[in-house]
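Contents: one structure, followed by commentary.
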Amino acid sequence: MRYQSFLIKYAEIGVKGKNRYMFEDALVKQIRLALQAVEGEFEVVKETGRIYANALSDFEYEDALAALKRVFGVSAICPLVQVEDLGFEELKKQAAAYLDQVYPRKDFTFKVDARRANKQYPKTSEEINRDLGEMLLETFPGLSVDVHHPQVMLHVEVRSRINLYSQVIPGPGGMPVGTNGRAMLLLSGGIDSPVAGYMIAKRGVVIEAVYFHAPPYTSERAKEKVVELARLVSRYGGPIRLHIVNFTDIQLYIYDQCPHEELTIIMRRYMMRIGERIAREQKCLGLITGESIGQVASQTVQSLAATDEVCTMPVFRPVIGFDKQEIVDIAEKIGTFETSIQPFEDCCTIFVAKHPVTRPDIRKIRHSEGKLAERIDQLVETAVETAEVVDCGRR
């Protein structure tokens with residue numbers, strides 16, 4: 001079957017009130033952006049509770065479907081055939097042709113589900129169901145009707161034109177990107193933080209990201225890995241501006257001046273400070289991390305409290321209650337897992353203490369940070385000013 005249109009369904013947007021149109025318009029925009037990556041020309045139009053992506057030229061069906069399945073806000077994608085209203089006899093011919101082309105084997109149960117949005121149409125929904133069903137049974141003797149659990153549901157929507165479709169392909173759900181502000185993702189080369197970024201983007205948040213690089217202790221391959229992770233997340237959340245901060249001098253200074261069991265917490269606190277500063281410059285409203293309670297020493301409840309103390313922005317931790325396998329499952333689904341497990345160390349693992357404190361005393365941490373007073377402000381200033389910015393994904 002050569003489809004030329006997709007009916008795009010949404011769920012959560014449908015419960016919005018008077019500003020629902022704003023969410024619909026944002027979804028239309030994101031669909032248009034996604035289809036720009038597909039060879040061919042498309043128009044995306046909105047019609048009274050329906051969004052259509054119509055191909056205006058030849059295109060690769062699988063590529064278009066894959067692009068649409070990555071658009072947050074889409075609950076389902078229905079490849080459809082749109083036919084002109086030329087009378088019921090013509091509709092019967094079109095319905096038979098549709099079923100014949102889409103399903104080579106005619107040995108399944110089916111049901112016709114008609115919706116008559118155009119109340120001027122001469123047949124009611126029940127009459128369409130009955131008469132089309134009867135015609136299909138006569139045309140294809142191998143079919144049988146099952147009104148409760150059909151294998152194929154033939155949807156017939158009578159509008160200004162008539163939509164025929166039977167496939168309802170799940171989309172990612174969520175809210176269109178751009179409808180819920182902007183946040184800064186602390187992106188490492190691990191499994192968790194790309195998943196965290198994906199999950200927050202799914203709620204309509206535009207993502208920026210910051211990565212802390214420590215040359216020569218971390219290689220260019222490690223940086224390339226993080227750039228690739230940002231690109232992979234951007235397939236769902238849209239373009240990501242990645243801020244690459246040289247953290248080497250800060251880490252070495254902390255390493256020289258502070259107790260080694262506190263290194264991880266103190267380094268993490270400075271990452272949060274720098275991340276928040278860049279976030280404010282980029283008009284972000286919060287920070288995002290991939291922390292999960294108890295997964296490592298820096299992610300105990302006490303450690304999280306110690307890192308949060310230096311932030312005035314809210315910190316979003318969407319995977320905080322997930323176990324590792326749950327996070328891995330999402331990473332595999334969104335295509336970041338294989339990149340995340342590449343063996344290129346990030347700056348956190350290089351400077352990890354042998355026996356890190358798991359229940360840090362904030363008063364002691366502040367006292368240790370006092371030893372950094374001579375140089376730390378200038379080092380932070382230099383790190384922020386010299387940050388490299390890489391645009392990842394389409395714009």
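Labeling convention for the structure tokens: chains A, B, ... as they appear, residues from 1 per chain, ligands from 1 in order of appearance.
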Q | Contacts of region 311-325 of chain A at 8 Å (only C-alpha atoms; same-chain gap of 4+ positions) as a ChimeraX atom specification | A | /A:192,195-196,199-200,272-273,276,285-293,295,307,329
Residues from the last selection, C-alpha atoms, saved as an mmCIF file, in the first residue's frame:
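File part36.cif, as written:
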data_model
loop_
_atom_site.group_PDB
_atom_site.id
_atom_site.type_symbol
_atom_site.label_atom_id
_atom_site.label_comp_id
_atom_site.auth_asym_id
_atom_site.auth_seq_id
_atom_site.Cartn_x
_atom_site.Cartn_y
_atom_site.Cartn_z
ATOM 1 C CA ASP A 192 21.748 7.513 33.196
ATOM 2 C CA VAL A 195 17.863 8.884 29.799
ATOM 3 C CA ALA A 196 17.159 11.708 32.252
ATOM 4 C CA MET A 199 12.474 11.904 30.082
ATOM 5 C CA ILE A 200 12.405 15.627 30.842
ATOM 6 C CA MET A 272 26.320 21.984 40.026
ATOM 7 C CA ARG A 273 27.488 25.571 40.646
ATOM 8 C CA GLU A 276 23.568 26.527 37.311
ATOM 9 C CA LEU A 285 14.677 27.250 34.723
ATOM 10 C CA GLY A 286 16.194 24.130 36.249
ATOM 11 C CA LEU A 287 18.972 21.547 36.217
ATOM 12 C CA ILE A 288 18.590 17.894 35.194
ATOM 13 C CA THR A 289 20.720 15.021 36.460
ATOM 14 C CA GLY A 290 20.659 11.263 35.999
ATOM 15 C CA GLU A 291 21.073 10.438 39.678
ATOM 16 C CA SER A 292 19.312 7.440 41.222
ATOM 17 C CA ILE A 293 19.168 7.051 44.996
ATOM 18 C CA GLN A 295 23.381 3.816 42.985
ATOM 19 C CA THR A 307 25.048 18.771 46.247
ATOM 20 C CA ASP A 329 15.791 -0.590 29.295
#
What are the closest atom pairs, with distances in Å to one decimal, for each residue of region 263-333 of chain A lying within 8 Å of region 357-373 of chain A, using only C-alpha atoms, rows by chain and rising residue number, as CSV?
residue,atom,partner,partner_atom,distance
A:Ile265,CA,A:Pro360,CA,7.9
A:Ile266,CA,A:Ile365,CA,7.1
A:Ala297,CA,A:Thr358,CA,5.0
A:Ser298,CA,A:Thr358,CA,6.7
A:Thr300,CA,A:Thr358,CA,6.4
A:Gln302,CA,A:Arg359,CA,5.2
A:Ser303,CA,A:Pro360,CA,6.1
A:Ala306,CA,A:Ile362,CA,6.0
Q) Can you list, as number ranges by chain, every residue of region 203-387 of chain A that DSSP puts in strand (DSSP E)? A) A: 206-213, 240-246, 287-288, 315-316
Using N, CA and C atoms, can you export the residues from the last selection as a PDB file, in the first residue's frame?
ATOM      1  N   VAL A 206      12.600  22.139  26.619  1.00  0.00           N
ATOM      2  CA  VAL A 206      13.753  22.282  25.722  1.00  0.00           C
ATOM      3  C   VAL A 206      15.017  22.001  26.540  1.00  0.00           C
ATOM      4  N   ILE A 207      15.889  21.161  25.993  1.00  0.00           N
ATOM      5  CA  ILE A 207      17.082  20.728  26.717  1.00  0.00           C
ATOM      6  C   ILE A 207      18.326  21.442  26.204  1.00  0.00           C
ATOM      7  N   GLU A 208      19.114  21.982  27.138  1.00  0.00           N
ATOM      8  CA  GLU A 208      20.508  22.333  26.879  1.00  0.00           C
ATOM      9  C   GLU A 208      21.335  21.375  27.721  1.00  0.00           C
ATOM     10  N   ALA A 209      22.634  21.301  27.486  1.00  0.00           N
ATOM     11  CA  ALA A 209      23.448  20.342  28.230  1.00  0.00           C
ATOM     12  C   ALA A 209      24.822  20.909  28.527  1.00  0.00           C
ATOM     13  N   VAL A 210      25.403  20.441  29.639  1.00  0.00           N
ATOM     14  CA  VAL A 210      26.770  20.805  29.996  1.00  0.00           C
ATOM     15  C   VAL A 210      27.539  19.519  30.299  1.00  0.00           C
ATOM     16  N   TYR A 211      28.746  19.461  29.762  1.00  0.00           N
ATOM     17  CA  TYR A 211      29.622  18.300  29.966  1.00  0.00           C
ATOM     18  C   TYR A 211      30.949  18.795  30.530  1.00  0.00           C
ATOM     19  N   PHE A 212      31.446  18.104  31.559  1.00  0.00           N
ATOM     20  CA  PHE A 212      32.698  18.497  32.208  1.00  0.00           C
ATOM     21  C   PHE A 212      33.816  17.577  31.699  1.00  0.00           C
ATOM     22  N   HIS A 213      34.744  18.197  30.971  1.00  0.00           N
ATOM     23  CA  HIS A 213      35.829  17.483  30.296  1.00  0.00           C
ATOM     24  C   HIS A 213      37.125  17.746  31.060  1.00  0.00           C
ATOM     25  N   ILE A 240      20.164  20.310  20.652  1.00  0.00           N
ATOM     26  CA  ILE A 240      20.728  20.523  21.983  1.00  0.00           C
ATOM     27  C   ILE A 240      22.025  21.310  21.840  1.00  0.00           C
ATOM     28  N   ARG A 241      22.126  22.410  22.589  1.00  0.00           N
ATOM     29  CA  ARG A 241      23.379  23.164  22.647  1.00  0.00           C
ATOM     30  C   ARG A 241      24.190  22.588  23.802  1.00  0.00           C
ATOM     31  N   LEU A 242      25.336  21.963  23.466  1.00  0.00           N
ATOM     32  CA  LEU A 242      26.174  21.296  24.456  1.00  0.00           C
ATOM     33  C   LEU A 242      27.336  22.209  24.849  1.00  0.00           C
ATOM     34  N   HIS A 243      27.420  22.534  26.140  1.00  0.00           N
ATOM     35  CA  HIS A 243      28.488  23.379  26.677  1.00  0.00           C
ATOM     36  C   HIS A 243      29.557  22.462  27.283  1.00  0.00           C
ATOM     37  N   ILE A 244      30.740  22.476  26.694  1.00  0.00           N
ATOM     38  CA  ILE A 244      31.834  21.601  27.138  1.00  0.00           C
ATOM     39  C   ILE A 244      32.788  22.416  27.998  1.00  0.00           C
ATOM     40  N   VAL A 245      32.808  22.111  29.280  1.00  0.00           N
ATOM     41  CA  VAL A 245      33.585  22.876  30.261  1.00  0.00           C
ATOM     42  C   VAL A 245      34.876  22.134  30.577  1.00  0.00           C
ATOM     43  N   ASN A 246      36.007  22.827  30.449  1.00  0.00           N
ATOM     44  CA  ASN A 246      37.296  22.237  30.838  1.00  0.00           C
ATOM     45  C   ASN A 246      37.404  22.282  32.362  1.00  0.00           C
ATOM     46  N   LEU A 287      17.912  22.473  36.588  1.00  0.00           N
ATOM     47  CA  LEU A 287      18.972  21.547  36.217  1.00  0.00           C
ATOM     48  C   LEU A 287      18.391  20.131  36.148  1.00  0.00           C
ATOM     49  N   ILE A 288      19.008  19.292  35.333  1.00  0.00           N
ATOM     50  CA  ILE A 288      18.590  17.894  35.194  1.00  0.00           C
ATOM     51  C   ILE A 288      19.795  17.003  35.436  1.00  0.00           C
ATOM     52  N   VAL A 315      16.291  21.130  40.907  1.00  0.00           N
ATOM     53  CA  VAL A 315      17.050  20.063  40.264  1.00  0.00           C
ATOM     54  C   VAL A 315      16.089  18.917  39.971  1.00  0.00           C
ATOM     55  N   PHE A 316      15.941  18.592  38.690  1.00  0.00           N
ATOM     56  CA  PHE A 316      15.042  17.521  38.271  1.00  0.00           C
ATOM     57  C   PHE A 316      15.831  16.223  38.129  1.00  0.00           C
TER      58      PHE A 316
END
Q: Considering only C-alpha atoms, return as a ChimeraX atom specification whatever protein or nucleic-acid residues lie within 12 Å of Arg130 (chain A), sequence-local ones (same chain, fewer than 2 positions apart) excluded.
A: /A:92,111-114,123-128,132-137,145,147
Q.
Measuring between only C-alpha atoms, which one of A:Tyr61, A:Phe247, A:Tyr198, A:Tyr165 shows the shortest distance to Thr382 (chain A)?
A.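 Closest candidate: A:Phe247.
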Q | Polymer residues at most 12 Å from Ile13 (chain A), only C-alpha atoms, same-chain spacing of 5 or more positions, as a list in words | A |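 Residues near the query, excluding close chain neighbours: Lys18, Asn19, Arg20, Tyr21, Met22, Phe23, Glu24, Asp25, Ala26, Leu27, Gly49, Arg50, Phe72, Gly73, Val74, Ser75, Gly173, Gly174, Met175, Pro176, Thr179, Arg203 and Gly204 of chain A.
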Q. Do you know which residues are at most 9 Å from Thr339 (chain A) counting only C-alpha atoms, after dropping those on the same chain fewer than 6 positions away, and could you put them as a list in words?
A.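 In the requested format, the answer is Gly189, Gly190, Ile191, Lys225, Val226, Glu228 and Leu229 of chain A.
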Q) Hey, what's within 7 Å of Phe108 (chain A) if we count only C-alpha atoms and toss same-chain stuff fewer than 6 positions away? As an MDAnalysis selection string, please? A) chainID A and resid 143:144 151
Q) Counting only C-alpha atoms, what is within 6 Å of Ile51 (chain A), bar same-chain residues fewer than 4 positions away, as JSON, numbers by chain? A) {"A": [8, 45, 46]}
I need the residues from that last selection saved to file as a PDB file, in the first residue's frame (with C-alpha atoms), if you can.
ATOM      1  CA  ILE A   8      -1.439  12.098  13.968  1.00  0.00           C
ATOM      2  CA  VAL A  45      -2.066  20.687   8.708  1.00  0.00           C
ATOM      3  CA  LYS A  46      -4.450  20.976  11.635  1.00  0.00           C
TER       4      LYS A  46
END
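Atom pair CA of Tyr255 (chain A) / CA of Val352 (chain A): separated by 9.9 Å.
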Q: Rank A:Leu33, A:Asn129, A:Ile278, A:Glu220 by their smallest atom-to-atom distance to Glu381 (chain A), using only C-alpha atoms, and report the top residue only.
A: A:Ile278
Q. Which distance in Å separates CA of Tyr98 (chain A) and CA of Leu154 (chain A), to one decimal?
A.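 Taking CA of Tyr98 (chain A) as the start and CA of Leu154 (chain A) as the end point, the length is 9.6 Å.
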Q | A:Phe140, A:Tyr121, A:Phe42, A:Phe59 ranked by distance to Ala95 (chain A), top pick (using only C-alpha atoms) | A |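 With only C-alpha atoms as the atom set, the closest residue is A:Phe140.
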